[in-house]
$ cat structure.txt   # compact mmCIF, C-alpha atoms and all ligand atoms
# COMPACT_ATOMS: atom_id res chain seq x y z
CA MET E 30 25.06 -12.18 11.47
CA ILE E 31 27.34 -14.86 12.86
CA ALA E 32 30.87 -14.70 11.49
CA GLN E 33 31.64 -17.52 9.10
CA ASP E 34 34.79 -18.49 11.02
CA LYS E 35 32.61 -19.29 14.07
CA LEU E 36 30.67 -21.85 12.06
CA THR E 37 33.43 -24.26 11.13
CA HIS E 38 31.80 -27.05 13.12
CA LEU E 39 28.74 -27.06 10.84
CA PRO E 40 28.48 -29.51 7.97
CA GLU E 41 29.23 -27.89 4.62
CA ARG E 42 25.54 -28.04 3.73
CA PHE E 43 23.43 -26.97 6.68
CA PRO E 44 20.34 -24.69 6.66
CA TYR E 45 21.48 -22.29 9.34
CA SER E 46 20.38 -18.89 7.97
CA CYS E 47 17.06 -18.00 6.39
CA GLN E 48 15.84 -14.77 4.88
CA TRP E 49 12.06 -14.92 4.65
CA GLU E 50 10.07 -12.35 2.69
CA ILE E 51 6.85 -12.99 4.60
CA THR E 52 4.81 -10.53 2.52
CA CYS E 53 4.99 -8.08 -0.37
CA ARG E 54 2.39 -5.93 1.39
CA CYS E 55 3.54 -2.48 2.40
CA ASN E 56 1.98 0.78 3.50
CA LEU E 57 4.59 2.69 1.45
CA HIS E 58 5.52 2.62 -2.24
CA CYS E 59 9.21 3.54 -2.35
CA VAL E 60 10.39 4.55 -5.80
CA MET E 61 13.20 1.94 -5.87
CA CYS E 62 11.19 -0.92 -4.32
CA TYR E 63 11.43 -4.30 -6.04
CA THR E 64 8.48 -5.93 -4.22
CA ASP E 65 5.89 -3.16 -4.60
CA CYS E 66 4.72 -4.61 -7.94
CA PHE E 67 3.13 -7.46 -5.92
CA ASN E 68 1.68 -5.16 -3.26
CA ARG E 69 -1.80 -5.54 -4.71
CA PRO E 70 -4.86 -7.48 -3.53
CA ASP E 71 -4.78 -10.35 -6.03
CA ALA E 72 -1.11 -11.10 -5.26
CA ILE E 73 -1.57 -10.65 -1.51
CA ARG E 74 -4.35 -13.26 -1.55
CA GLN E 75 -1.80 -15.80 -2.83
CA GLU E 76 0.63 -15.24 0.07
CA LEU E 77 1.27 -17.87 2.74
CA THR E 78 -1.35 -18.08 5.47
CA THR E 79 -0.54 -17.84 9.16
CA ALA E 80 -0.87 -21.62 9.56
CA GLU E 81 1.44 -22.28 6.60
CA ILE E 82 4.13 -19.95 7.92
CA LEU E 83 3.97 -21.47 11.41
CA ARG E 84 4.27 -24.98 9.98
CA ILE E 85 7.27 -24.06 7.81
CA MET E 86 8.89 -22.26 10.76
CA ASP E 87 8.55 -25.44 12.80
CA ASP E 88 10.25 -27.36 9.97
CA LEU E 89 13.13 -24.86 9.94
CA ALA E 90 13.54 -25.17 13.72
CA GLU E 91 13.53 -28.94 13.41
CA ALA E 92 16.21 -28.74 10.70
CA GLY E 93 18.45 -26.63 12.98
CA THR E 94 18.08 -23.17 11.43
CA LEU E 95 19.55 -20.54 13.75
CA GLU E 96 19.19 -17.16 12.03
CA LEU E 97 15.83 -15.99 10.74
CA CYS E 98 15.39 -12.63 9.01
CA LEU E 99 11.77 -11.57 8.56
CA THR E 100 11.49 -9.11 5.70
CA GLY E 101 9.00 -7.93 3.11
CA GLY E 102 7.41 -5.83 1.78
CA GLU E 103 6.76 -4.50 5.22
CA PRO E 104 6.54 -7.45 7.65
CA LEU E 105 4.42 -5.45 10.11
CA ALA E 106 1.83 -4.87 7.37
CA ARG E 107 0.74 -8.47 7.96
CA PRO E 108 -2.01 -8.37 10.60
CA ASP E 109 -0.58 -11.60 12.08
CA PHE E 110 3.00 -10.25 12.27
CA PHE E 111 3.40 -10.54 16.06
CA ARG E 112 1.91 -14.03 16.09
CA LEU E 113 4.63 -15.05 13.60
CA TYR E 114 7.37 -13.06 15.32
CA GLU E 115 6.64 -14.42 18.77
CA HIS E 116 6.45 -17.96 17.43
CA ALA E 117 9.85 -17.45 15.79
CA ILE E 118 11.35 -16.27 19.07
CA HIS E 119 9.83 -19.22 20.93
CA CYS E 120 11.32 -21.55 18.29
CA GLY E 121 14.74 -20.25 19.39
CA PHE E 122 15.73 -18.40 16.22
CA LEU E 123 17.93 -15.31 16.33
CA VAL E 124 15.38 -13.06 14.68
CA THR E 125 16.14 -9.97 12.61
CA VAL E 126 13.31 -7.80 11.28
CA PHE E 127 13.71 -5.54 8.24
CA SER E 128 11.12 -2.78 8.47
CA ASN E 129 10.32 0.70 7.26
CA GLY E 130 9.53 1.53 10.89
CA THR E 131 6.40 3.50 10.13
CA LEU E 132 3.98 0.92 11.56
CA ILE E 133 5.84 0.48 14.87
CA THR E 134 3.74 2.02 17.62
CA GLU E 135 4.72 2.34 21.27
CA ALA E 136 2.66 -0.77 22.09
CA GLN E 137 4.45 -2.75 19.39
CA ALA E 138 7.83 -1.53 20.61
CA ASP E 139 6.81 -2.95 24.00
CA ARG E 140 6.17 -6.32 22.36
CA PHE E 141 9.63 -6.25 20.79
CA ALA E 142 11.08 -5.32 24.18
CA ALA E 143 9.30 -8.23 25.87
CA LEU E 144 10.76 -10.72 23.38
CA LYS E 145 13.84 -9.07 21.96
CA PRO E 146 14.96 -9.57 18.38
CA HIS E 147 18.63 -9.98 17.51
CA HIS E 148 18.15 -6.59 15.87
CA ILE E 149 15.76 -4.53 13.79
CA GLU E 150 16.90 -2.84 10.58
CA ILE E 151 15.02 0.29 9.54
CA SER E 152 15.34 2.14 6.25
CA LEU E 153 16.02 5.84 6.73
CA HIS E 154 15.82 7.41 3.29
CA GLY E 155 16.54 11.02 4.17
CA MET E 156 16.94 13.53 6.97
CA THR E 157 14.34 15.94 5.66
CA ARG E 158 10.63 15.24 5.36
CA GLU E 159 10.71 16.29 1.72
CA THR E 160 13.45 13.88 0.66
CA PHE E 161 12.21 10.97 2.76
CA GLU E 162 8.66 11.24 1.46
CA ARG E 163 9.71 11.82 -2.16
CA ILE E 164 11.31 8.37 -1.91
CA ALA E 165 8.78 6.57 0.31
CA LEU E 166 5.69 8.12 -1.30
CA GLY E 167 3.84 8.09 2.01
CA GLN E 168 2.61 11.25 3.71
CA GLY E 169 3.65 11.37 7.37
CA SER E 170 6.11 8.49 6.92
CA PHE E 171 9.18 10.55 7.90
CA ASP E 172 7.76 11.52 11.29
CA ARG E 173 6.46 8.01 11.98
CA CYS E 174 9.83 6.48 11.09
CA LEU E 175 11.75 8.81 13.42
CA GLN E 176 9.19 8.22 16.16
CA ALA E 177 9.60 4.45 15.84
CA ILE E 178 13.39 4.79 16.05
CA GLY E 179 12.87 6.67 19.32
CA PHE E 180 10.48 4.01 20.70
CA LEU E 181 12.98 1.24 19.94
CA LEU E 182 15.99 3.14 21.32
CA ASP E 183 14.09 3.90 24.54
CA ARG E 184 13.68 0.14 24.98
CA GLN E 185 17.31 -0.67 24.11
CA ILE E 186 16.36 -2.79 21.14
CA PRO E 187 19.41 -3.28 18.91
CA LEU E 188 18.97 -1.20 15.78
CA VAL E 189 20.60 -0.85 12.40
CA LEU E 190 19.61 2.10 10.22
CA LYS E 191 20.23 1.94 6.51
CA SER E 192 19.71 3.87 3.30
CA THR E 193 19.94 3.11 -0.36
CA ALA E 194 21.99 5.71 -2.20
CA LEU E 195 19.73 7.28 -4.83
CA THR E 196 19.67 10.39 -6.98
CA LEU E 197 16.92 11.66 -4.66
CA ASN E 198 18.92 11.45 -1.42
CA GLN E 199 22.58 11.63 -2.44
CA GLN E 200 22.91 15.09 -0.85
CA GLU E 201 21.61 13.79 2.49
CA ILE E 202 23.46 10.48 2.88
CA LEU E 203 26.23 12.00 4.97
CA THR E 204 23.71 13.85 7.13
CA ILE E 205 21.86 10.57 7.73
CA LYS E 206 25.14 8.89 8.67
CA ARG E 207 26.05 11.69 11.12
CA TYR E 208 22.59 11.44 12.69
CA VAL E 209 22.99 7.67 13.14
CA GLU E 210 26.45 8.18 14.66
CA SER E 211 24.93 10.65 17.13
CA LEU E 212 22.66 7.88 18.41
CA GLY E 213 25.63 6.03 19.89
CA THR E 214 25.10 2.31 19.62
CA VAL E 215 23.23 2.25 16.32
CA ARG E 216 25.03 0.93 13.23
CA TYR E 217 24.61 2.48 9.78
CA LYS E 218 24.61 0.65 6.46
CA LEU E 219 24.66 2.27 3.05
CA GLY E 220 23.36 0.14 0.21
CA GLU E 221 24.35 0.85 -3.37
CA GLU E 222 22.48 -1.94 -5.08
CA ILE E 223 19.30 -1.26 -7.02
CA ARG E 224 17.37 -4.26 -8.26
CA PRO E 225 14.80 -4.80 -10.98
CA GLU E 226 11.25 -5.24 -9.73
CA LEU E 227 10.12 -8.81 -9.13
CA ASP E 228 7.91 -8.67 -12.23
CA GLY E 229 10.94 -7.60 -14.30
CA GLY E 230 10.17 -3.85 -14.27
CA THR E 231 13.16 -1.54 -14.47
CA GLY E 232 11.62 1.57 -12.88
CA PRO E 233 13.97 1.58 -9.84
CA PHE E 234 17.04 2.06 -12.06
CA GLN E 235 16.02 5.60 -13.00
CA TYR E 236 17.01 6.56 -9.43
CA ALA E 237 20.41 4.84 -9.48
CA LEU E 238 23.53 6.92 -8.94
CA SER E 239 26.25 6.81 -11.56
CA GLU E 240 29.53 5.15 -10.63
CA GLN E 241 31.09 8.60 -10.56
CA ASP E 242 28.45 9.92 -8.13
CA LEU E 243 28.94 6.89 -5.88
CA ALA E 244 32.71 7.33 -5.93
CA ASP E 245 32.33 11.04 -5.10
CA LEU E 246 29.97 10.22 -2.23
CA ASN E 247 32.28 7.57 -0.77
CA ARG E 248 35.28 9.88 -0.99
CA GLN E 249 33.60 12.33 1.38
CA ASP E 250 33.56 9.92 4.32
CA SER E 251 36.38 7.70 5.58
CA ASP E 252 34.08 4.82 6.60
CA LEU E 253 32.29 4.80 3.27
CA GLN E 254 35.57 5.03 1.40
CA ARG E 255 37.06 2.18 3.43
CA ASP E 256 34.05 -0.03 2.69
CA ALA E 257 34.22 0.84 -1.00
CA CYS E 258 37.94 0.01 -1.10
CA ARG E 259 37.29 -3.26 0.67
CA ARG E 260 34.58 -4.18 -1.83
CA ASP E 261 36.84 -3.30 -4.75
CA SER E 262 40.05 -4.87 -3.58
CA THR E 263 39.39 -8.09 -1.67
CA GLU E 264 38.68 -11.58 -2.85
CA PRO E 265 34.96 -12.14 -2.21
CA PRO E 266 34.06 -14.92 0.19
CA PRO E 267 32.46 -17.89 -1.56
CA CYS E 268 28.68 -17.56 -1.80
CA ARG E 269 26.98 -19.73 0.88
CA SER E 270 23.50 -19.44 -0.63
CA GLY E 271 22.08 -22.89 -1.04
CA MET E 272 24.78 -24.33 1.25
CA GLN E 273 24.09 -22.56 4.55
CA ARG E 274 21.79 -19.71 3.54
CA PHE E 275 18.48 -19.73 1.75
CA HIS E 276 15.49 -17.58 0.93
CA ILE E 277 11.74 -18.13 1.15
CA ASP E 278 9.37 -15.81 -0.68
CA ALA E 279 5.88 -14.66 0.29
CA TYR E 280 4.29 -17.61 -1.52
CA GLY E 281 6.37 -20.33 0.14
CA GLN E 282 8.93 -20.74 -2.64
CA LEU E 283 12.34 -21.87 -1.40
CA GLN E 284 15.15 -20.21 -3.37
CA LEU E 285 18.92 -19.73 -3.30
CA CYS E 286 18.70 -16.10 -2.29
CA SER E 287 16.50 -13.08 -2.68
CA GLY E 288 18.52 -11.92 -5.70
CA ASN E 289 18.20 -15.22 -7.59
CA ARG E 290 14.65 -16.57 -7.85
CA ARG E 291 14.99 -18.32 -11.17
CA GLN E 292 14.37 -21.73 -9.63
CA SER E 293 12.11 -22.49 -6.68
CA TYR E 294 10.89 -25.38 -4.58
CA ASP E 295 7.32 -25.14 -3.31
CA LEU E 296 7.21 -25.48 0.47
CA ARG E 297 3.42 -25.52 0.37
CA THR E 298 3.46 -28.95 -1.17
CA GLY E 299 6.91 -30.32 -0.33
CA SER E 300 8.95 -30.70 2.84
CA PHE E 301 11.68 -28.27 3.82
CA HIS E 302 14.14 -31.15 4.22
CA THR E 303 13.61 -32.31 0.62
CA GLY E 304 13.69 -28.74 -0.67
CA PHE E 305 16.93 -27.82 1.06
CA PHE E 306 18.88 -31.05 0.66
CA GLU E 307 17.60 -32.27 -2.72
CA ALA E 308 16.23 -29.33 -4.70
CA LEU E 309 18.50 -26.38 -3.77
CA PRO E 310 21.74 -28.19 -4.71
CA THR E 311 20.42 -28.43 -8.27
CA PHE E 312 19.69 -24.68 -8.56
CA ALA E 313 22.11 -22.64 -10.64
CA CYS E 314 23.50 -19.15 -10.26
CA ASP E 315 25.50 -17.45 -13.01
CA TRP E 316 27.04 -15.05 -10.51
CA LYS E 317 28.57 -17.59 -8.13
CA THR E 318 32.29 -17.07 -8.49
CA PRO E 319 34.60 -20.06 -8.55
CA PRO E 320 37.17 -19.95 -5.70
CA GLU E 321 40.05 -19.03 -8.02
CA SER E 322 38.24 -16.07 -9.60
CA SER E 323 38.98 -12.50 -8.55
CA LEU E 324 35.70 -11.09 -9.87
CA ILE E 325 33.74 -9.03 -7.36
CA GLN E 326 30.64 -10.89 -6.23
CA LEU E 327 27.22 -9.32 -6.24
CA THR E 328 25.82 -8.62 -2.82
CA THR E 329 22.17 -8.90 -1.98
CA HIS E 330 20.19 -6.85 0.47
CA HIS E 331 16.77 -5.44 0.97
CA ALA E 332 16.14 -1.84 0.15
S1 LIG E 401 11.29 -0.55 -0.05
FE1 LIG E 401 10.45 -1.46 1.81
S2 LIG E 401 9.30 0.22 2.76
FE2 LIG E 401 9.65 0.83 0.68
S3 LIG E 401 7.79 0.16 -0.46
FE3 LIG E 401 9.32 -1.48 -0.61
S4 LIG E 401 8.85 -2.85 1.06
FE4 LIG E 401 7.83 -0.89 1.49
S1 LIG E 402 22.84 -14.10 -6.62
FE1 LIG E 402 24.69 -13.80 -5.39
S2 LIG E 402 24.10 -14.38 -3.30
FE2 LIG E 402 22.54 -15.21 -4.72
S3 LIG E 402 23.18 -17.31 -5.15
FE3 LIG E 402 24.02 -16.01 -6.76
S4 LIG E 402 26.10 -15.43 -6.05
FE4 LIG E 402 24.97 -16.22 -4.29

$ encode --input "structure.txt" --output "structure tokens" --more "lines below"
Ligand code: SF4
Ligand code: SF4
Amino acid sequence: MIAQDKLTHLPERFPYSCQWEITCRCNLHCVMCYTDCFNRPDAIRQELTTAEILRIMDDLAEAGTLELCLTGGEPLARPDFFRLYEHAIHCGFLVTVFSNGTLITEAQADRFAALKPHHIEISLHGMTRETFERIALGQGSFDRCLQAIGFLLDRQIPLVLKSTALTLNQQEILTIKRYVESLGTVRYKLGEEIRPELDGGTGPFQYALSEQDLADLNRQDSDLQRDACRRDSTEPPPCRSGMQRFHIDAYGQLQLCSGNRRQSYDLRTGSFHTGFFEALPTFACDWKTPPESSLIQLTTHHA
């Protein structure tokens, strides 16, 4: 969120940006979702409690964390979501919320307006009810998502709308993008990455577009093509995960990033300071590119 060149005054290792998957709960079951495998009662019972999250948030604030992204699952599916959100704002974090939008009522939009986030990112899977709900597997989700977008726009809450390019929506991606452009100040992001499920399942990959389909899609729009060219032609910036960025999962495990959970430090039993400064530096990632390499680096994002 904050450009790396504005952060030169920070020590090389400083916990400034956190992505926190506060739950794997969700009211939807999107076909490409990687967290839905843990959206079941026995797993939900293991998730961090309200008190545990508030305590860890206080530790992050104490350590100097500036950016906090609350994601899921669907963060608003936690009954205590606004307690956590409002605490995060009062801690002084720049808070981003990743949401499917479908649980945002007018009253909740008012709560966001009263204590504004840095921005909210909502997944917009399609521009027809049929396509959206074939992906989200939730009846009525298309209308509720569009309604939430309207509630948030009415209150001037900064919004980003995003889609994952899939076989099910490839014909509607450009229509989604045009719709987002028609909203004026709203930014659009197209994700191309599909991930395995957290339990190792590979179901989401059956909806992945081929490289040829992705190239054909990008060629139809100058912004998409420019982004694709940039991804393919520039030296990737060095990965800051574990140095200035980190991830916490729904069970309090501190990790390098959401895409690499091979090693974890348990924040339920240990301190954030020890986890960040002593454990994370020992965690490995096969995909971190050395500075002299020209290999394209994997990006990570939430569907
Ligand atoms: S992708 Fe997001 S909205 Fe869809 S099921 Fe997963 S957590 Fe829910
Ligand atoms: S998976 Fe990617 S973002 Fe995560 S630590 Fe490895 S290189 Fe960095």

$ closest_residue --input "structure.txt" --among "E:Ala313, E:Leu203, E:Leu181, E:Cys286" --to "ligand LIG 402 (chain E)" --atoms "only C-alpha atoms and all ligand atoms"
E:Cys286

$ atom_distance --input "structure.txt" --atom1 "atom CA of E:Gly102" --atom2 "atom CA of E:Arg42"
28.7 Å

$ closest_residue --input "structure.txt" --among "E:Lys218, E:Arg54, E:His276, E:His147" --to "ligand LIG 401 (chain E)" --atoms "all atoms listed in the file"
E:Arg54

$ closest_residue --input "structure.txt" --among "E:Ile205, E:Cys120, E:Leu83, E:Leu227" --to "ligand LIG 401 (chain E)" --atoms "all atoms listed in the file"
E:Leu227

$ atom_distance --input "structure.txt" --atom1 "atom CA of E:Gln48" --atom2 "atom CA of E:Leu153"
20.7 Å

$ residues_near_ligand --input "structure.txt" --ligand "ligand LIG 401 (chain E)" --cutoff "7 Å" --atoms "only C-alpha atoms and all ligand atoms" --output "ChimeraX atom specification"
/E:53,55-59,61-65,101-103,128-129,165,332

$ residues_near_ligand --input "structure.txt" --ligand "ligand LIG 402 (chain E)" --cutoff "9 Å" --atoms "only C-alpha atoms and all ligand atoms" --output "list of chain:residue names"
E:Pro267, E:Cys268, E:Arg269, E:Ser270, E:Gly271, E:Arg274, E:Phe275, E:Gln284, E:Leu285, E:Cys286, E:Ser287, E:Gly288, E:Asn289, E:Arg290, E:Phe312, E:Ala313, E:Cys314, E:Asp315, E:Trp316, E:Lys317, E:Thr318, E:Gln326, E:Leu327, E:Thr328, E:Thr329

$ atom_distance --input "structure.txt" --atom1 "atom CA of E:Glu162" --atom2 "atom CA of E:Arg184"
26.5 Å

$ closest_residue --input "structure.txt" --among "E:Leu243, E:Ala138, E:Ile186, E:Ala177" --to "E:Gln200" --atoms "all atoms listed in the file"
E:Leu243

$ closest_residue --input "structure.txt" --among "E:Leu132, E:Ile118, E:Met86, E:Cys174" --to "E:Leu296" --atoms "only C-alpha atoms"
E:Met86

$ closest_residue --input "structure.txt" --among "E:Gln235, E:Gln168, E:Gln176, E:Thr157" --to "E:Asn198" --atoms "all atoms listed in the file"
E:Thr157

$ residues_near_point --input "structure.txt" --point "(-0.8, -16.6, 11.5)" --cutoff "6 Å" --atoms "all atoms listed in the file" --output "list in words"
Thr79, Ala80, Asp109 and Arg112 of chain E

$ residues_around --input "structure.txt" --residues "E:Asp183" --least-positions-apart "3" --cutoff "12 Å" --atoms "all atoms listed in the file" --output "PyMOL selection string"
chain E and resi 135+138-139+141-142+176-180+186-188+212

$ residues_around --input "structure.txt" --residues "E:Thr303" --least-positions-apart "6" --cutoff "12 Å" --atoms "all atoms listed in the file" --output "ChimeraX atom specification"
/E:44,88-89,92,283,294-296,309-311

$ residues_around --input "structure.txt" --residues "E:Gly93" --least-positions-apart "3" --cutoff "10 Å" --atoms "all atoms listed in the file" --output "PyMOL selection string"
chain E and resi 43-46+87-90+96+121-122

$ residues_around --input "structure.txt" --residues "E:Ala257" --least-positions-apart "6" --cutoff "10 Å" --atoms "all atoms listed in the file" --output "ChimeraX atom specification"
/E:243-244,247-248,251

$ residues_around --input "structure.txt" --residues "E:Val189" --least-positions-apart "3" --cutoff "10 Å" --atoms "all atoms listed in the file" --output "list of chain:residue names"
E:Phe127, E:His148, E:Ile149, E:Glu150, E:Ile151, E:Ser152, E:Leu153, E:Ile178, E:Ile186, E:Val209, E:Thr214, E:Val215, E:Arg216, E:Tyr217, E:Lys218

$ write_last_selection --input "structure.txt" --atoms "C-alpha atoms" --output "short mmCIF file (atom, residue, chain, number, x, y, z; two decimals), in the frame of the given file"
data_model
loop_
_atom_site.label_atom_id
_atom_site.label_comp_id
_atom_site.auth_asym_id
_atom_site.auth_seq_id
_atom_site.Cartn_x
_atom_site.Cartn_y
_atom_site.Cartn_z
CA PHE E 127 13.71 -5.54 8.24
CA HIS E 148 18.15 -6.59 15.87
CA ILE E 149 15.76 -4.53 13.79
CA GLU E 150 16.90 -2.84 10.58
CA ILE E 151 15.02 0.29 9.54
CA SER E 152 15.34 2.14 6.25
CA LEU E 153 16.02 5.84 6.73
CA ILE E 178 13.39 4.79 16.05
CA ILE E 186 16.36 -2.79 21.14
CA VAL E 209 22.99 7.67 13.14
CA THR E 214 25.10 2.31 19.62
CA VAL E 215 23.23 2.25 16.32
CA ARG E 216 25.03 0.93 13.23
CA TYR E 217 24.61 2.48 9.78
CA LYS E 218 24.61 0.65 6.46
#
